[in-house]
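File shown: run-v8.tsv (TSV, C-alpha atoms and all ligand atoms).
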chain	number	residue	atom	x	y	z
A	10	MET	CA	-22.57	-81.34	-46.01
A	11	THR	CA	-20.13	-79.14	-44.06
A	12	ASP	CA	-18.92	-75.78	-45.41
A	13	ALA	CA	-15.52	-77.33	-46.07
A	14	GLU	CA	-17.07	-79.82	-48.51
A	15	ARG	CA	-19.02	-77.26	-50.51
A	16	ASP	CA	-18.22	-76.19	-54.04
A	17	PRO	CA	-16.06	-73.03	-53.61
A	18	ARG	CA	-17.72	-71.09	-56.40
A	19	GLU	CA	-21.21	-71.80	-55.10
A	20	PHE	CA	-20.16	-70.98	-51.55
A	21	TRP	CA	-18.69	-67.59	-52.46
A	22	ASP	CA	-21.47	-66.71	-54.90
A	23	GLU	CA	-23.96	-67.30	-52.11
A	24	PHE	CA	-21.80	-65.21	-49.76
A	25	TYR	CA	-21.86	-62.24	-52.16
A	26	GLY	CA	-25.31	-62.92	-53.60
A	27	GLY	CA	-27.47	-60.99	-51.13
A	28	ASP	CA	-28.34	-57.31	-51.03
A	29	ASP	CA	-26.32	-56.43	-47.95
A	30	SER	CA	-22.74	-55.14	-47.93
A	31	VAL	CA	-20.37	-57.87	-46.89
A	32	TRP	CA	-17.21	-55.83	-46.33
A	33	SER	CA	-16.67	-52.20	-45.35
A	34	GLY	CA	-16.18	-50.87	-48.89
A	35	ARG	CA	-12.93	-49.28	-47.68
A	36	VAL	CA	-9.42	-50.19	-48.74
A	37	ASN	CA	-7.53	-52.58	-46.45
A	38	VAL	CA	-5.34	-50.46	-44.21
A	39	ARG	CA	-2.13	-52.46	-44.72
A	40	LEU	CA	-2.41	-52.23	-48.47
A	41	ALA	CA	-3.06	-48.49	-48.28
A	42	GLU	CA	-0.13	-47.80	-45.97
A	43	ILE	CA	2.27	-49.81	-48.14
A	44	ALA	CA	1.07	-48.86	-51.63
A	45	ALA	CA	0.93	-45.17	-50.71
A	46	GLY	CA	4.73	-45.15	-50.78
A	47	LEU	CA	5.04	-46.78	-54.21
A	48	ALA	CA	5.06	-45.36	-57.70
A	49	PRO	CA	1.94	-46.68	-59.44
A	50	GLY	CA	2.40	-49.42	-62.01
A	51	ARG	CA	0.59	-52.70	-62.69
A	52	ALA	CA	-1.13	-54.32	-59.72
A	53	LEU	CA	-2.77	-57.70	-59.23
A	54	ASP	CA	-5.37	-58.12	-56.46
A	55	LEU	CA	-6.04	-61.76	-55.57
A	56	GLY	CA	-9.42	-62.52	-54.01
A	57	CYS	CA	-10.61	-58.97	-54.64
A	58	GLY	CA	-14.12	-59.47	-53.22
A	59	ASP	CA	-16.30	-56.45	-53.87
A	60	GLY	CA	-13.34	-54.47	-55.20
A	61	ALA	CA	-12.48	-51.86	-52.56
A	62	ASP	CA	-8.71	-52.46	-52.79
A	63	ALA	CA	-8.68	-52.57	-56.59
A	64	ILE	CA	-10.66	-49.34	-56.79
A	65	TRP	CA	-8.39	-47.61	-54.29
A	66	LEU	CA	-5.34	-48.67	-56.30
A	67	ALA	CA	-6.94	-47.47	-59.53
A	68	GLU	CA	-7.73	-44.13	-57.93
A	69	ALA	CA	-4.08	-43.91	-56.89
A	70	GLY	CA	-3.02	-44.34	-60.52
A	71	TRP	CA	-2.42	-48.10	-60.74
A	72	GLN	CA	-3.55	-50.25	-63.65
A	73	VAL	CA	-5.19	-53.17	-61.89
A	74	VAL	CA	-6.17	-56.75	-62.60
A	75	ALA	CA	-8.50	-57.93	-59.84
A	76	VAL	CA	-9.52	-61.55	-59.48
A	77	ASP	CA	-12.14	-63.45	-57.56
A	78	ILE	CA	-13.82	-66.85	-57.77
A	79	SER	CA	-17.26	-65.30	-57.31
A	80	GLU	CA	-19.06	-63.75	-60.25
A	81	GLN	CA	-21.42	-62.15	-57.71
A	82	ALA	CA	-18.46	-60.42	-56.08
A	83	LEU	CA	-17.25	-59.23	-59.47
A	84	VAL	CA	-20.67	-57.84	-60.36
A	85	ARG	CA	-20.53	-55.75	-57.18
A	86	ALA	CA	-16.91	-54.75	-57.86
A	87	ARG	CA	-17.50	-53.70	-61.47
A	88	ALA	CA	-20.51	-51.60	-60.44
A	89	ALA	CA	-18.47	-49.91	-57.70
A	90	ALA	CA	-15.62	-49.20	-60.13
A	91	ARG	CA	-18.07	-47.59	-62.58
A	92	ARG	CA	-19.59	-45.45	-59.79
A	93	ARG	CA	-16.10	-44.28	-58.83
A	94	ASP	CA	-15.19	-43.65	-62.47
A	95	VAL	CA	-12.19	-45.99	-62.53
A	96	ALA	CA	-13.61	-48.84	-64.60
A	97	ALA	CA	-11.06	-48.18	-67.35
A	98	ARG	CA	-8.20	-48.78	-64.92
A	99	VAL	CA	-9.39	-52.11	-63.46
A	100	ARG	CA	-9.92	-55.39	-65.25
A	101	PHE	CA	-11.97	-57.76	-63.11
A	102	GLU	CA	-11.44	-61.41	-64.01
A	103	ARG	CA	-13.10	-64.50	-62.62
A	104	HIS	CA	-10.65	-67.25	-61.72
A	105	ASP	CA	-10.72	-70.14	-59.33
A	106	LEU	CA	-7.13	-69.47	-58.34
A	107	SER	CA	-6.71	-73.11	-57.33
A	108	THR	CA	-6.89	-73.98	-61.01
A	109	SER	CA	-6.29	-70.84	-63.07
A	110	PHE	CA	-4.25	-67.68	-62.66
A	111	PRO	CA	-4.19	-64.38	-64.56
A	112	ALA	CA	-1.42	-63.89	-67.11
A	113	GLY	CA	1.32	-61.32	-66.83
A	114	ARG	CA	3.83	-59.81	-64.43
A	115	PHE	CA	2.97	-57.08	-61.95
A	116	ASP	CA	4.74	-54.40	-59.93
A	117	LEU	CA	2.51	-55.20	-56.96
A	118	VAL	CA	0.78	-58.49	-56.23
A	119	SER	CA	-1.56	-58.22	-53.26
A	120	ALA	CA	-3.30	-61.03	-51.39
A	121	GLN	CA	-5.37	-59.51	-48.59
A	122	PHE	CA	-6.96	-62.09	-46.31
A	123	LEU	CA	-7.01	-64.73	-49.02
A	124	HIS	CA	-8.60	-67.21	-46.63
A	125	SER	CA	-11.46	-69.54	-47.33
A	126	PRO	CA	-13.55	-71.99	-45.31
A	127	VAL	CA	-13.95	-74.05	-48.50
A	128	ALA	CA	-11.35	-75.65	-50.74
A	129	LEU	CA	-8.55	-73.29	-51.76
A	130	GLU	CA	-5.05	-74.40	-52.82
A	131	ARG	CA	-3.61	-71.45	-50.94
A	132	GLU	CA	0.03	-72.49	-50.91
A	133	SER	CA	0.20	-73.04	-54.65
A	134	VAL	CA	-1.78	-69.84	-55.26
A	135	LEU	CA	0.72	-67.85	-53.21
A	136	ARG	CA	3.63	-69.48	-55.04
A	137	ARG	CA	2.08	-68.41	-58.33
A	138	ALA	CA	1.54	-64.98	-56.83
A	139	ALA	CA	5.28	-64.76	-56.17
A	140	ASP	CA	5.98	-65.85	-59.74
A	141	ALA	CA	3.75	-63.07	-61.05
A	142	VAL	CA	5.87	-60.32	-59.45
A	143	ALA	CA	8.02	-58.40	-61.95
A	144	VAL	CA	11.66	-57.69	-61.15
A	145	GLY	CA	11.65	-54.72	-58.78
A	146	GLY	CA	8.03	-55.41	-57.84
A	147	ARG	CA	6.48	-56.34	-54.52
A	148	LEU	CA	4.48	-59.21	-53.12
A	149	LEU	CA	2.21	-58.24	-50.24
A	150	ILE	CA	0.43	-60.94	-48.26
A	151	VAL	CA	-1.72	-59.86	-45.34
A	152	ASP	CA	-3.30	-62.67	-43.32
A	153	HIS	CA	-5.38	-62.89	-40.21
A	154	GLY	CA	-2.99	-63.65	-37.37
A	155	THR	CA	-5.70	-64.00	-34.73
A	156	ALA	CA	-9.46	-64.07	-34.52
A	157	PRO	CA	-11.01	-60.75	-33.43
A	158	SER	CA	-11.11	-60.39	-29.66
A	159	TRP	CA	-14.94	-60.40	-29.70
A	160	ALA	CA	-15.14	-63.69	-31.63
A	161	GLY	CA	-15.55	-65.99	-28.62
A	162	ALA	CA	-14.02	-69.23	-27.47
A	163	HIS	CA	-14.71	-71.40	-30.53
A	164	ALA	CA	-12.77	-68.98	-32.77
A	165	HIS	CA	-9.64	-69.90	-30.84
A	166	GLU	CA	-9.94	-73.46	-32.16
A	167	HIS	CA	-9.02	-72.13	-35.59
A	168	ARG	CA	-5.32	-72.35	-36.36
A	169	PHE	CA	-3.84	-69.36	-38.18
A	170	ALA	CA	-0.70	-70.01	-40.22
A	171	GLY	CA	2.21	-67.93	-38.93
A	172	ILE	CA	4.39	-65.59	-40.96
A	173	GLU	CA	7.39	-67.95	-41.11
A	174	GLU	CA	5.17	-70.83	-42.19
A	175	VAL	CA	3.61	-68.82	-45.01
A	176	LEU	CA	7.00	-67.49	-46.05
A	177	ALA	CA	8.46	-71.01	-46.14
A	178	SER	CA	5.54	-72.23	-48.25
A	179	LEU	CA	6.39	-69.69	-50.96
A	180	GLY	CA	9.49	-71.72	-51.90
A	181	ILE	CA	11.67	-68.67	-52.47
A	182	ASP	CA	14.44	-69.56	-50.00
A	183	ASP	CA	17.33	-69.17	-52.41
A	184	GLY	CA	15.58	-66.75	-54.69
A	185	PRO	CA	16.31	-63.11	-55.37
A	186	TRP	CA	13.99	-61.52	-52.85
A	187	GLN	CA	14.40	-58.78	-50.29
A	188	ARG	CA	12.31	-59.20	-47.16
A	189	LEU	CA	10.95	-55.73	-46.54
A	190	ARG	CA	8.43	-56.55	-43.81
A	191	LEU	CA	7.70	-59.66	-41.82
A	192	ASP	CA	5.71	-58.45	-38.86
A	193	THR	CA	2.35	-58.18	-37.19
A	194	ALA	CA	0.13	-55.20	-36.52
A	195	ASP	CA	-2.99	-54.84	-34.44
A	196	ARG	CA	-6.13	-53.33	-35.88
A	197	ASP	CA	-9.38	-52.19	-34.29
A	198	VAL	CA	-12.40	-54.10	-35.55
A	199	THR	CA	-16.10	-53.83	-34.85
A	200	GLY	CA	-18.11	-57.03	-34.38
A	201	PRO	CA	-21.44	-57.83	-36.05
A	202	ASP	CA	-23.34	-56.50	-33.03
A	203	GLY	CA	-21.22	-53.38	-32.77
A	204	GLN	CA	-18.73	-54.85	-30.28
A	205	ALA	CA	-15.37	-53.09	-30.19
A	206	GLY	CA	-12.39	-55.39	-30.58
A	207	VAL	CA	-8.87	-55.89	-31.82
A	208	THR	CA	-7.38	-58.30	-34.30
A	209	THR	CA	-3.84	-58.96	-35.48
A	210	ASP	CA	-2.68	-58.89	-39.09
A	211	ASN	CA	0.31	-60.91	-40.28
A	212	ILE	CA	2.20	-58.91	-42.88
A	213	ILE	CA	4.63	-60.25	-45.47
A	214	LEU	CA	6.13	-57.73	-47.88
A	215	LEU	CA	8.80	-58.92	-50.28
A	216	ARG	CA	10.57	-57.24	-53.17
A	217	ARG	CA	11.82	-59.22	-56.13
A	218	THR	CA	15.37	-58.15	-56.86
A	219	GLY	CA	16.08	-60.33	-59.90
A	220	GLU	CA	14.90	-63.21	-62.05
A	221	GLY	CA	14.48	-66.69	-60.66
A	222	ARG	CA	11.23	-68.48	-60.18
A	223	THR	CA	9.79	-70.80	-57.61
A	224	GLU	CA	9.74	-74.53	-58.35
A	225	GLU	CA	6.15	-74.25	-59.46
A	226	GLY	CA	6.58	-71.44	-61.94
A	227	ARG	CA	10.14	-72.02	-63.10
A	228	THR	CA	10.75	-70.25	-66.40
A	229	GLY	CA	13.02	-71.00	-69.30
A	230	GLU	CA	15.41	-68.43	-70.76
A	231	ASP	CA	12.71	-67.00	-72.98
A	232	GLY	CA	10.63	-66.19	-69.89
A	233	GLN	CA	7.92	-68.72	-70.80
A	234	GLU	CA	6.78	-71.15	-68.17
A	235	ALA	CA	8.58	-74.45	-68.48
A	236	SER	CA	6.34	-77.46	-68.94
B	301	LIG	C1	-11.81	-63.31	-46.77
B	301	LIG	S1	-12.28	-62.72	-48.34
B	301	LIG	C2	-11.21	-61.31	-48.56
B	301	LIG	C3	-11.72	-60.35	-49.59
B	301	LIG	C4	-10.84	-59.09	-49.82
B	301	LIG	N1	-9.51	-59.41	-50.24
B	301	LIG	C5	-10.79	-58.27	-48.56
B	301	LIG	O1	-9.74	-58.18	-47.94
B	301	LIG	O2	-11.85	-57.72	-48.19
B	301	LIG	C6	-11.56	-63.93	-49.41
B	301	LIG	C7	-11.86	-63.68	-50.89
B	301	LIG	O3	-11.19	-64.67	-51.66
B	301	LIG	C8	-12.06	-65.13	-52.66
B	301	LIG	N2	-11.68	-66.51	-52.99
B	301	LIG	C9	-11.81	-67.60	-52.19
B	301	LIG	N3	-11.40	-68.71	-52.83
B	301	LIG	C10	-10.97	-68.30	-54.06
B	301	LIG	C11	-10.44	-68.97	-55.19
B	301	LIG	N4	-10.26	-70.31	-55.20
B	301	LIG	N5	-10.13	-68.26	-56.28
B	301	LIG	C12	-10.32	-66.91	-56.31
B	301	LIG	N6	-10.83	-66.20	-55.27
B	301	LIG	C13	-11.15	-66.90	-54.16
B	301	LIG	C14	-13.45	-65.03	-52.04
B	301	LIG	O4	-14.49	-64.99	-52.99
B	301	LIG	C15	-13.32	-63.75	-51.24
B	301	LIG	O5	-13.70	-62.62	-51.99

Spit out the file's structure as structure tokens when you get a sec.
Ligand SMILES: C[S@@+](CC[C@H](N)C(=O)[O-])C[C@H]1O[C@@H](n2cnc3c(N)ncnc32)[C@H](O)[C@@H]1O
Amino acid sequence: MTDAERDPREFWDEFYGGDDSVWSGRVNVRLAEIAAGLAPGRALDLGCGDGADAIWLAEAGWQVVAVDISEQALVRARAAARRRDVAARVRFERHDLSTSFPAGRFDLVSAQFLHSPVALERESVLRRAADAVAVGGRLLIVDHGTAPSWAGAHAHEHRFAGIEEVLASLGIDDGPWQRLRLDTADRDVTGPDGQAGVTTDNIILLRRTGEGRTEEGRTGEDGQEAS
């Protein structure tokens, strides 16, 4: 069986199931630079992994819902939140976002590198992410734009979706959104063997300026999702 055919929950539980750290434990730089300029409110972190972004947001005064498919990731994240004394400000929820999505509207919805080598209905997840943004709130999507420079030739076979493609897939063309940032930024990254390298982030930052939902999450006048 190839990775792509594996059960997503099993795959990610195995990924987070060992004793070693899998990510840096530090907040993603794009989220930090953008959220630092915002008044704290309610935030939703999609694919939160071991919780570094959610914890950073909580420390900055946000009330956070943080979601991942992997219970193993959430065990790590909850423990880290307790160690940092912000457990009361973060609710970690397990969802397979391809099939279930947290309730509510948020002032900031963040999807940082919500990529997966196994099944993930990313386009519909990101449309629901847009629907979950409150009026006046922001949607931040940060994707890998390139493989790290140290990754080698086979990494270049992978196709990264571009900013315009991801934006188009959100289905918000005629909707009440302000496009605050649609750009790329380079970032230094260290490879598994300590190699220095550079990678490019694709950054989409949108602000919802009024009501109006995507096709997928169209609401009735009472604000409830239409069937
Ligand atoms: C590339 S990692 C990024 C983790 C974190 N956002 C970060 O930037 O370090 C992708 C994350 O998405 C989660 N994920 C993948 N598929 C998912 C799904 N269907 N539902 C919820 N989370 C999912 C994975 O468990 C993993 O934590």

Next on the checklist: For a quick check of your reading of the model, name the residues lying within 6 Å of the coordinate (-3.5, -56.2, -61.4), counting all atoms listed in the file, and write them as a VMD selection string.
Outcome noted: chain A and resid 51 to 54 73 to 75

Checklist entry - At a cut-off of 10 Å from (2.5, -67.6, -57.0) in the coordinates of the file, what residues are picked up using only C-alpha atoms, written as a PyMOL selection string? => result chain A and resi 106+110+118+131-142+148+179-180+222-223+225-226

Just to be explicit: take each residue in the selection above, keep C-alpha atoms, and write the result as a CSV table (one decimal), in the frame of the given file.
chain,number,residue,atom,x,y,z
A,106,LEU,CA,-7.1,-69.5,-58.3
A,110,PHE,CA,-4.2,-67.7,-62.7
A,118,VAL,CA,0.8,-58.5,-56.2
A,131,ARG,CA,-3.6,-71.4,-50.9
A,132,GLU,CA,0.0,-72.5,-50.9
A,133,SER,CA,0.2,-73.0,-54.6
A,134,VAL,CA,-1.8,-69.8,-55.3
A,135,LEU,CA,0.7,-67.8,-53.2
A,136,ARG,CA,3.6,-69.5,-55.0
A,137,ARG,CA,2.1,-68.4,-58.3
A,138,ALA,CA,1.5,-65.0,-56.8
A,139,ALA,CA,5.3,-64.8,-56.2
A,140,ASP,CA,6.0,-65.8,-59.7
A,141,ALA,CA,3.8,-63.1,-61.0
A,142,VAL,CA,5.9,-60.3,-59.4
A,148,LEU,CA,4.5,-59.2,-53.1
A,179,LEU,CA,6.4,-69.7,-51.0
A,180,GLY,CA,9.5,-71.7,-51.9
A,222,ARG,CA,11.2,-68.5,-60.2
A,223,THR,CA,9.8,-70.8,-57.6
A,225,GLU,CA,6.2,-74.2,-59.5
A,226,GLY,CA,6.6,-71.4,-61.9

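With atom CA of Ser109 of chain A on one side and atom CA of Asp28 of chain A on the other, the separation reads 28.5 Å.
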
Report as AutoDock Vina command-line options the centre and the edge lengths, in Å to one decimal, of the axis-aligned box holding every listed atom of ligand LIG 301 (chain B), padded by 6 Å on each side.
--center_x -12.0 --center_y -64.0 --center_z -51.5 --size_x 17.0 --size_y 24.6 --size_z 21.5

Item to check | Contacts of segment 196-210 of chain A within 12 Å, only C-alpha atoms, excl. fewer than 4 positions in-chain, as number ranges by chain | outcome: A: 31-33, 37-40, 121-122, 150-161, 169-172, 191-192

Checklist outcome for this item: Using all atoms listed in the file, the best pick from A:Asp77, A:Glu68, A:Glu174, A:Asp116 as closest to ligand LIG 301 (chain B) would be A:Asp77

Next on the checklist: Could you list the protein, DNA and RNA residues that have any atom within 7 Å of ligand LIG 301 (chain B), counting all atoms listed in the file, and write them as an MDAnalysis selection string?
Outcome noted: chainID A and resid 17 21 32 37 55:59 76:79 82 104:107 120:125 129
